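J.: What follows is data34.cif; its format and atoms are mmCIF, N, CA and C atoms.
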```cif
data_model
#
loop_
_atom_site.group_PDB
_atom_site.id
_atom_site.type_symbol
_atom_site.label_atom_id
_atom_site.label_comp_id
_atom_site.auth_asym_id
_atom_site.auth_seq_id
_atom_site.Cartn_x
_atom_site.Cartn_y
_atom_site.Cartn_z
ATOM 1 N N MET A 5 9.570 8.178 15.903
ATOM 2 C CA MET A 5 8.949 7.354 14.883
ATOM 3 C C MET A 5 8.337 8.272 13.825
ATOM 4 N N PRO A 6 8.658 8.069 12.561
ATOM 5 C CA PRO A 6 8.092 8.902 11.502
ATOM 6 C C PRO A 6 6.585 8.683 11.363
ATOM 7 N N GLU A 7 5.919 9.721 10.864
ATOM 8 C CA GLU A 7 4.484 9.610 10.583
ATOM 9 C C GLU A 7 4.281 8.640 9.424
ATOM 10 N N PRO A 8 3.186 7.869 9.453
ATOM 11 C CA PRO A 8 2.926 6.984 8.314
ATOM 12 C C PRO A 8 2.633 7.799 7.053
ATOM 13 N N ILE A 9 2.950 7.222 5.932
ATOM 14 C CA ILE A 9 2.586 7.796 4.640
ATOM 15 C C ILE A 9 1.135 7.399 4.405
ATOM 16 N N LYS A 10 0.291 8.378 4.096
ATOM 17 C CA LYS A 10 -1.134 8.107 3.873
ATOM 18 C C LYS A 10 -1.545 8.675 2.529
ATOM 19 N N VAL A 11 -2.221 7.851 1.735
ATOM 20 C CA VAL A 11 -2.739 8.317 0.445
ATOM 21 C C VAL A 11 -4.113 7.699 0.202
ATOM 22 N N ASP A 12 -4.939 8.445 -0.514
ATOM 23 C CA ASP A 12 -6.235 7.959 -0.965
ATOM 24 C C ASP A 12 -6.214 7.909 -2.485
ATOM 25 N N ILE A 13 -6.639 6.785 -3.034
ATOM 26 C CA ILE A 13 -6.689 6.619 -4.475
ATOM 27 C C ILE A 13 -8.156 6.372 -4.850
ATOM 28 N N PRO A 14 -8.772 7.309 -5.565
ATOM 29 C CA PRO A 14 -10.171 7.120 -5.946
ATOM 30 C C PRO A 14 -10.319 6.060 -7.029
ATOM 31 N N HIS A 15 -11.476 5.422 -7.052
ATOM 32 C CA HIS A 15 -11.810 4.458 -8.102
ATOM 33 C C HIS A 15 -13.324 4.436 -8.275
ATOM 34 N N ASN A 16 -13.769 3.830 -9.330
ATOM 35 C CA ASN A 16 -15.208 3.681 -9.552
ATOM 36 C C ASN A 16 -15.564 2.223 -9.836
ATOM 37 N N LEU A 17 -14.826 1.317 -9.221
ATOM 38 C CA LEU A 17 -14.990 -0.106 -9.459
ATOM 39 C C LEU A 17 -16.000 -0.775 -8.540
ATOM 40 N N GLY A 18 -16.262 -0.163 -7.407
ATOM 41 C CA GLY A 18 -17.003 -0.851 -6.356
ATOM 42 C C GLY A 18 -16.012 -1.606 -5.479
ATOM 43 N N ARG A 19 -16.431 -1.902 -4.283
ATOM 44 C CA ARG A 19 -15.548 -2.502 -3.277
ATOM 45 C C ARG A 19 -15.004 -3.869 -3.691
ATOM 46 N N GLU A 20 -15.877 -4.767 -4.128
ATOM 47 C CA GLU A 20 -15.434 -6.138 -4.429
ATOM 48 C C GLU A 20 -14.473 -6.189 -5.615
ATOM 49 N N ALA A 21 -14.754 -5.439 -6.661
ATOM 50 C CA ALA A 21 -13.856 -5.426 -7.819
ATOM 51 C C ALA A 21 -12.512 -4.813 -7.447
ATOM 52 N N ALA A 22 -12.527 -3.762 -6.644
ATOM 53 C CA ALA A 22 -11.272 -3.131 -6.212
ATOM 54 C C ALA A 22 -10.453 -4.096 -5.357
ATOM 55 N N LYS A 23 -11.122 -4.841 -4.475
ATOM 56 C CA LYS A 23 -10.411 -5.832 -3.661
ATOM 57 C C LYS A 23 -9.773 -6.898 -4.536
ATOM 58 N N ALA A 24 -10.502 -7.368 -5.531
ATOM 59 C CA ALA A 24 -9.987 -8.411 -6.417
ATOM 60 C C ALA A 24 -8.751 -7.915 -7.165
ATOM 61 N N ARG A 25 -8.788 -6.695 -7.631
ATOM 62 C CA ARG A 25 -7.639 -6.159 -8.370
ATOM 63 C C ARG A 25 -6.446 -5.936 -7.452
ATOM 64 N N MET A 26 -6.691 -5.463 -6.241
ATOM 65 C CA MET A 26 -5.586 -5.281 -5.291
ATOM 66 C C MET A 26 -4.967 -6.641 -4.949
ATOM 67 N N ALA A 27 -5.807 -7.639 -4.743
ATOM 68 C CA ALA A 27 -5.308 -8.981 -4.425
ATOM 69 C C ALA A 27 -4.477 -9.542 -5.565
ATOM 70 N N GLY A 28 -4.889 -9.280 -6.797
ATOM 71 C CA GLY A 28 -4.170 -9.795 -7.957
ATOM 72 C C GLY A 28 -2.827 -9.139 -8.196
ATOM 73 N N GLY A 29 -2.623 -7.949 -7.662
ATOM 74 C CA GLY A 29 -1.375 -7.232 -7.903
ATOM 75 C C GLY A 29 -0.540 -6.977 -6.670
ATOM 76 N N VAL A 30 -0.834 -7.676 -5.579
ATOM 77 C CA VAL A 30 -0.133 -7.392 -4.327
ATOM 78 C C VAL A 30 1.380 -7.574 -4.447
ATOM 79 N N GLY A 31 1.836 -8.471 -5.287
ATOM 80 C CA GLY A 31 3.275 -8.678 -5.463
ATOM 81 C C GLY A 31 3.989 -7.451 -6.020
ATOM 82 N N LYS A 32 3.279 -6.632 -6.772
ATOM 83 C CA LYS A 32 3.868 -5.420 -7.350
ATOM 84 C C LYS A 32 4.097 -4.331 -6.316
ATOM 85 N N LEU A 33 3.510 -4.485 -5.141
ATOM 86 C CA LEU A 33 3.645 -3.457 -4.112
ATOM 87 C C LEU A 33 5.067 -3.359 -3.572
ATOM 88 N N ALA A 34 5.863 -4.395 -3.725
ATOM 89 C CA ALA A 34 7.257 -4.340 -3.286
ATOM 90 C C ALA A 34 8.034 -3.284 -4.050
ATOM 91 N N ASP A 35 7.571 -2.961 -5.263
ATOM 92 C CA ASP A 35 8.255 -1.963 -6.088
ATOM 93 C C ASP A 35 8.219 -0.566 -5.495
ATOM 94 N N MET A 36 7.305 -0.323 -4.562
ATOM 95 C CA MET A 36 7.179 1.033 -4.026
ATOM 96 C C MET A 36 8.258 1.358 -2.997
ATOM 97 N N VAL A 37 8.954 0.348 -2.488
ATOM 98 C CA VAL A 37 9.994 0.569 -1.485
ATOM 99 C C VAL A 37 11.352 0.329 -2.131
ATOM 100 N N PRO A 38 12.265 1.319 -2.062
ATOM 101 C CA PRO A 38 13.600 1.113 -2.633
ATOM 102 C C PRO A 38 14.262 -0.126 -2.023
ATOM 103 N N GLY A 39 14.714 -1.013 -2.872
ATOM 104 C CA GLY A 39 15.344 -2.240 -2.390
ATOM 105 C C GLY A 39 14.338 -3.270 -1.918
ATOM 106 N N GLY A 40 13.039 -3.043 -2.189
ATOM 107 C CA GLY A 40 11.979 -3.938 -1.723
ATOM 108 C C GLY A 40 12.131 -5.333 -2.284
ATOM 109 N N GLY A 41 11.728 -6.284 -1.504
ATOM 110 C CA GLY A 41 11.856 -7.670 -1.915
ATOM 111 C C GLY A 41 10.603 -8.447 -1.597
ATOM 112 N N THR A 42 10.643 -9.211 -0.545
ATOM 113 C CA THR A 42 9.575 -10.123 -0.180
ATOM 114 C C THR A 42 8.335 -9.378 0.295
ATOM 115 N N VAL A 43 7.182 -9.834 -0.177
ATOM 116 C CA VAL A 43 5.907 -9.286 0.268
ATOM 117 C C VAL A 43 5.114 -10.405 0.933
ATOM 118 N N ASN A 44 4.673 -10.169 2.142
ATOM 119 C CA ASN A 44 3.752 -11.067 2.827
ATOM 120 C C ASN A 44 2.458 -10.304 3.005
ATOM 121 N N HIS A 45 1.321 -10.988 2.836
ATOM 122 C CA HIS A 45 0.053 -10.278 2.949
ATOM 123 C C HIS A 45 -1.039 -11.175 3.516
ATOM 124 N N ARG A 46 -2.078 -10.492 4.031
ATOM 125 C CA ARG A 46 -3.272 -11.177 4.518
ATOM 126 C C ARG A 46 -4.425 -10.178 4.492
ATOM 127 N N TRP A 47 -5.614 -10.681 4.295
ATOM 128 C CA TRP A 47 -6.816 -9.858 4.312
ATOM 129 C C TRP A 47 -7.515 -10.004 5.649
ATOM 130 N N GLU A 48 -8.013 -8.907 6.163
ATOM 131 C CA GLU A 48 -8.927 -8.888 7.306
ATOM 132 C C GLU A 48 -10.121 -8.060 6.865
ATOM 133 N N GLY A 49 -11.168 -8.727 6.433
ATOM 134 C CA GLY A 49 -12.324 -8.004 5.906
ATOM 135 C C GLY A 49 -11.934 -7.254 4.638
ATOM 136 N N ASP A 50 -12.103 -5.938 4.664
ATOM 137 C CA ASP A 50 -11.785 -5.104 3.499
ATOM 138 C C ASP A 50 -10.404 -4.468 3.599
ATOM 139 N N THR A 51 -9.593 -4.929 4.539
ATOM 140 C CA THR A 51 -8.258 -4.358 4.735
ATOM 141 C C THR A 51 -7.189 -5.380 4.392
ATOM 142 N N LEU A 52 -6.297 -4.984 3.492
ATOM 143 C CA LEU A 52 -5.150 -5.799 3.115
ATOM 144 C C LEU A 52 -3.961 -5.346 3.953
ATOM 145 N N HIS A 53 -3.464 -6.222 4.795
ATOM 146 C CA HIS A 53 -2.265 -5.949 5.579
ATOM 147 C C HIS A 53 -1.107 -6.611 4.847
ATOM 148 N N PHE A 54 -0.032 -5.870 4.632
ATOM 149 C CA PHE A 54 1.117 -6.475 3.970
ATOM 150 C C PHE A 54 2.407 -5.872 4.497
ATOM 151 N N THR A 55 3.462 -6.657 4.380
ATOM 152 C CA THR A 55 4.793 -6.191 4.755
ATOM 153 C C THR A 55 5.709 -6.381 3.563
ATOM 154 N N VAL A 56 6.636 -5.452 3.426
ATOM 155 C CA VAL A 56 7.670 -5.524 2.401
ATOM 156 C C VAL A 56 9.001 -5.505 3.130
ATOM 157 N N THR A 57 9.867 -6.439 2.811
ATOM 158 C CA THR A 57 11.205 -6.445 3.383
ATOM 159 C C THR A 57 12.115 -5.665 2.448
ATOM 160 N N ALA A 58 12.779 -4.637 3.014
ATOM 161 C CA ALA A 58 13.634 -3.769 2.199
ATOM 162 C C ALA A 58 14.860 -3.377 2.998
ATOM 163 N N LEU A 59 16.025 -3.571 2.395
ATOM 164 C CA LEU A 59 17.281 -3.175 3.029
ATOM 165 C C LEU A 59 17.391 -3.686 4.461
ATOM 166 N N GLY A 60 16.932 -4.912 4.671
ATOM 167 C CA GLY A 60 17.007 -5.517 5.999
ATOM 168 C C GLY A 60 15.970 -4.994 6.978
ATOM 169 N N GLN A 61 15.046 -4.170 6.518
ATOM 170 C CA GLN A 61 13.999 -3.602 7.360
ATOM 171 C C GLN A 61 12.640 -4.128 6.891
ATOM 172 N N THR A 62 11.686 -4.165 7.807
ATOM 173 C CA THR A 62 10.332 -4.561 7.451
ATOM 174 C C THR A 62 9.441 -3.338 7.440
ATOM 175 N N VAL A 63 8.760 -3.144 6.316
ATOM 176 C CA VAL A 63 7.846 -2.025 6.140
ATOM 177 C C VAL A 63 6.428 -2.584 6.233
ATOM 178 N N ALA A 64 5.712 -2.201 7.290
ATOM 179 C CA ALA A 64 4.331 -2.652 7.482
ATOM 180 C C ALA A 64 3.381 -1.657 6.828
ATOM 181 N N SER A 65 2.397 -2.196 6.123
ATOM 182 C CA SER A 65 1.458 -1.341 5.399
ATOM 183 C C SER A 65 0.073 -1.955 5.442
ATOM 184 N N ARG A 66 -0.904 -1.118 5.142
ATOM 185 C CA ARG A 66 -2.269 -1.605 5.044
ATOM 186 C C ARG A 66 -3.017 -0.783 4.011
ATOM 187 N N ILE A 67 -3.917 -1.461 3.333
ATOM 188 C CA ILE A 67 -4.759 -0.822 2.331
ATOM 189 C C ILE A 67 -6.194 -1.188 2.664
ATOM 190 N N GLU A 68 -6.992 -0.163 2.914
ATOM 191 C CA GLU A 68 -8.404 -0.375 3.196
ATOM 192 C C GLU A 68 -9.195 -0.014 1.941
ATOM 193 N N VAL A 69 -10.047 -0.936 1.523
ATOM 194 C CA VAL A 69 -10.811 -0.756 0.293
ATOM 195 C C VAL A 69 -12.223 -0.289 0.640
ATOM 196 N N PHE A 70 -12.604 0.822 0.033
ATOM 197 C CA PHE A 70 -13.946 1.370 0.172
ATOM 198 C C PHE A 70 -14.653 1.285 -1.176
ATOM 199 N N ASP A 71 -15.939 1.630 -1.207
ATOM 200 C CA ASP A 71 -16.711 1.577 -2.445
ATOM 201 C C ASP A 71 -16.147 2.485 -3.527
ATOM 202 N N ASN A 72 -15.562 3.627 -3.151
ATOM 203 C CA ASN A 72 -15.115 4.616 -4.141
ATOM 204 C C ASN A 72 -13.664 5.062 -3.999
ATOM 205 N N LYS A 73 -12.925 4.467 -3.063
ATOM 206 C CA LYS A 73 -11.512 4.812 -2.894
ATOM 207 C C LYS A 73 -10.782 3.687 -2.189
ATOM 208 N N VAL A 74 -9.475 3.760 -2.287
ATOM 209 C CA VAL A 74 -8.576 2.876 -1.553
ATOM 210 C C VAL A 74 -7.724 3.781 -0.680
ATOM 211 N N HIS A 75 -7.670 3.487 0.615
ATOM 212 C CA HIS A 75 -6.852 4.267 1.544
ATOM 213 C C HIS A 75 -5.645 3.416 1.926
ATOM 214 N N ALA A 76 -4.454 3.930 1.648
ATOM 215 C CA ALA A 76 -3.225 3.196 1.946
ATOM 216 C C ALA A 76 -2.420 3.924 3.015
ATOM 217 N N GLU A 77 -1.837 3.153 3.923
ATOM 218 C CA GLU A 77 -0.928 3.683 4.938
ATOM 219 C C GLU A 77 0.314 2.818 4.963
ATOM 220 N N VAL A 78 1.465 3.475 4.962
ATOM 221 C CA VAL A 78 2.754 2.787 4.978
ATOM 222 C C VAL A 78 3.533 3.290 6.180
ATOM 223 N N ASP A 79 3.935 2.374 7.047
ATOM 224 C CA ASP A 79 4.725 2.708 8.233
ATOM 225 C C ASP A 79 6.191 2.411 7.947
ATOM 226 N N LEU A 80 6.959 3.454 7.695
ATOM 227 C CA LEU A 80 8.388 3.266 7.439
ATOM 228 C C LEU A 80 9.153 3.232 8.751
ATOM 229 N N PRO A 81 10.069 2.287 8.899
ATOM 230 C CA PRO A 81 10.937 2.309 10.066
ATOM 231 C C PRO A 81 11.874 3.520 9.978
ATOM 232 N N PRO A 82 12.388 3.991 11.109
ATOM 233 C CA PRO A 82 13.237 5.187 11.100
ATOM 234 C C PRO A 82 14.375 5.135 10.083
ATOM 235 N N MET A 83 14.982 3.973 9.881
ATOM 236 C CA MET A 83 16.106 3.864 8.962
ATOM 237 C C MET A 83 15.700 4.177 7.509
ATOM 238 N N LEU A 84 14.440 3.943 7.173
ATOM 239 C CA LEU A 84 13.974 4.172 5.808
ATOM 240 C C LEU A 84 13.181 5.475 5.664
ATOM 241 N N ALA A 85 13.062 6.241 6.733
ATOM 242 C CA ALA A 85 12.258 7.467 6.704
ATOM 243 C C ALA A 85 12.747 8.459 5.655
ATOM 244 N N LEU A 86 14.038 8.471 5.365
ATOM 245 C CA LEU A 86 14.540 9.413 4.376
ATOM 246 C C LEU A 86 14.033 9.094 2.967
ATOM 247 N N PHE A 87 13.465 7.914 2.768
ATOM 248 C CA PHE A 87 12.888 7.539 1.486
ATOM 249 C C PHE A 87 11.385 7.818 1.424
ATOM 250 N N ALA A 88 10.825 8.484 2.416
ATOM 251 C CA ALA A 88 9.375 8.684 2.500
ATOM 252 C C ALA A 88 8.812 9.329 1.235
ATOM 253 N N GLY A 89 9.452 10.358 0.732
ATOM 254 C CA GLY A 89 8.967 11.030 -0.476
ATOM 255 C C GLY A 89 8.943 10.106 -1.676
ATOM 256 N N LYS A 90 10.003 9.321 -1.836
ATOM 257 C CA LYS A 90 10.078 8.384 -2.959
ATOM 258 C C LYS A 90 9.028 7.283 -2.826
ATOM 259 N N VAL A 91 8.832 6.805 -1.595
ATOM 260 C CA VAL A 91 7.838 5.755 -1.370
ATOM 261 C C VAL A 91 6.440 6.297 -1.674
ATOM 262 N N ARG A 92 6.149 7.502 -1.202
ATOM 263 C CA ARG A 92 4.841 8.107 -1.471
ATOM 264 C C ARG A 92 4.621 8.278 -2.983
ATOM 265 N N ASP A 93 5.621 8.796 -3.685
ATOM 266 C CA ASP A 93 5.509 8.981 -5.135
ATOM 267 C C ASP A 93 5.271 7.649 -5.847
ATOM 268 N N LYS A 94 6.019 6.642 -5.449
ATOM 269 C CA LYS A 94 5.890 5.319 -6.070
ATOM 270 C C LYS A 94 4.516 4.716 -5.775
ATOM 271 N N LEU A 95 4.049 4.884 -4.549
ATOM 272 C CA LEU A 95 2.730 4.386 -4.176
ATOM 273 C C LEU A 95 1.647 5.047 -5.030
ATOM 274 N N MET A 96 1.795 6.337 -5.290
ATOM 275 C CA MET A 96 0.829 7.065 -6.116
ATOM 276 C C MET A 96 0.892 6.609 -7.578
ATOM 277 N N GLN A 97 2.017 6.043 -8.004
ATOM 278 C CA GLN A 97 2.137 5.506 -9.360
ATOM 279 C C GLN A 97 1.619 4.069 -9.447
ATOM 280 N N VAL A 98 1.982 3.240 -8.457
ATOM 281 C CA VAL A 98 1.691 1.808 -8.508
ATOM 282 C C VAL A 98 0.236 1.504 -8.178
ATOM 283 N N ALA A 99 -0.290 2.064 -7.105
ATOM 284 C CA ALA A 99 -1.633 1.707 -6.646
ATOM 285 C C ALA A 99 -2.715 1.964 -7.699
ATOM 286 N N PRO A 100 -2.742 3.132 -8.360
ATOM 287 C CA PRO A 100 -3.778 3.308 -9.386
ATOM 288 C C PRO A 100 -3.677 2.291 -10.519
ATOM 289 N N LYS A 101 -2.484 1.858 -10.864
ATOM 290 C CA LYS A 101 -2.321 0.852 -11.925
ATOM 291 C C LYS A 101 -2.919 -0.482 -11.513
ATOM 292 N N LEU A 102 -2.855 -0.799 -10.213
ATOM 293 C CA LEU A 102 -3.435 -2.053 -9.734
ATOM 294 C C LEU A 102 -4.948 -2.039 -9.851
ATOM 295 N N LEU A 103 -5.530 -0.848 -9.863
ATOM 296 C CA LEU A 103 -6.996 -0.740 -9.916
ATOM 297 C C LEU A 103 -7.524 -0.658 -11.346
ATOM 298 N N LYS A 104 -6.652 -0.708 -12.339
ATOM 299 C CA LYS A 104 -7.115 -0.624 -13.740
ATOM 300 C C LYS A 104 -7.380 -1.985 -14.321
#
```
Let me see whether you can do it: turn the structure in this file into structure tokens.

T.:
Amino acid sequence: MPEPIKVDIPHNLGREAAKARMAGGVGKLADMVPGGGTVNHRWEGDTLHFTVTALGQTVASRIEVFDNKVHAEVDLPPMLALFAGKVRDKLMQVAPKLLK
């Protein structure tokens, strides 16, 4: 099983504002996975759990919102592990835009 992709994105919005912005842009998160399509999501406290269906595979992810950063983890299935670099790069592009 590949290691999850982990990134921290700093912000200065405060926890509640960051959560609101992440919630408003959750549909854009499918763009981070090549061939990404459907996004399902749910909140548990300050953690957004979401899945993206891509190339017949389900990519499980979570974003934990803190007062000064957002911590994201993406669990790629073995079949999509070769896209890990691209997914990480895309996540680093998409997530900060959601916080603006």

J.: Please give the complete set of residues from chain A that DSSP, run on the backbone, assigns to strand (DSSP E or B), formatted as a ChimeraX atom specification.

T.: /A:9-14,40-48,51-58,61-69,73-79

J.: Can you translate the PyMOL selection byres ((chain A and resi 61-63) around 8) into the concrete residues it hits in this file, as a list in words?

T.: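 Applied to this file, the PyMOL selection byres ((chain A and resi 61-63) around 8) selects Phe54, Thr55, Val56, Thr57, Ala58, Leu59, Gly60, Ala64, Ser65, Arg66, Val78, Asp79, Leu80, Pro81, Met83 and Leu84 of chain A.
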
J.: Where does DSSP see alpha helix (DSSP H) in chain A, if you list the residues as a ChimeraX atom specification?

T.: /A:19-28,88-102

J.: Might you pull out every residue within 12 Å of A:Met96, with only C-alpha atoms counted and same-chain residues fewer than 5 positions away left off, and present them as a PyMOL selection string?

T.: chain A and resi 9-14+33+35-36+74-77+89-91+101-103

J.: Hey, which of A:Pro6, A:Leu52, A:His15, A:Pro100 ends up closest to A:Val30? Count only C-alpha atoms.

T.: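 For A:Val30, the nearest of the candidates is A:Leu52.
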
J.: Figure out the distance between atom N of A:Ala27 and atom C of A:Pro82, please, to one decimal in Å.

T.: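 Those two atoms sit 28.1 Å apart.
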
J.: On this structure, the PyMOL selection byres ((chain A and resi 19) around 8) would catch which residues? List them as a PyMOL selection string, sorted by chain and number.

T.: chain A and resi 16-18+20-25+50+69-73

J.: Go through A:Lys94, A:His45, A:His53, A:Lys104 one by one, measure the shortest atom-to-atom distance of each to A:Ile67 using all atoms listed in the file, and give the residue with the smallest value.

T.: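 Smallest distance to A:Ile67 is found for A:His53.
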
J.: Calculate how many Å separate atom N of A:Pro8 from atom C of A:Glu68, rounding to one decimal.

T.: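 That distance, rounded to one decimal, is 16.5 Å.
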
J.: In Å to one decimal, how far is atom CA of A:Asp93 from atom N of A:Glu48?

T.: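 Result for atom N of A:Glu48 versus atom CA of A:Asp93: 25.1 Å, one decimal.
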
J.: Box for stretch 12-21 of chain A - axis-aligned, 3 Å on each of the six sides, all listed atoms - centre and size in Å to one decimal, as lines of an AutoDock Vina configuration file.

T.:
```
center_x = -11.0
center_y = 1.1
center_z = -5.2
size_x = 18.1
size_y = 20.6
size_z = 15.3
```
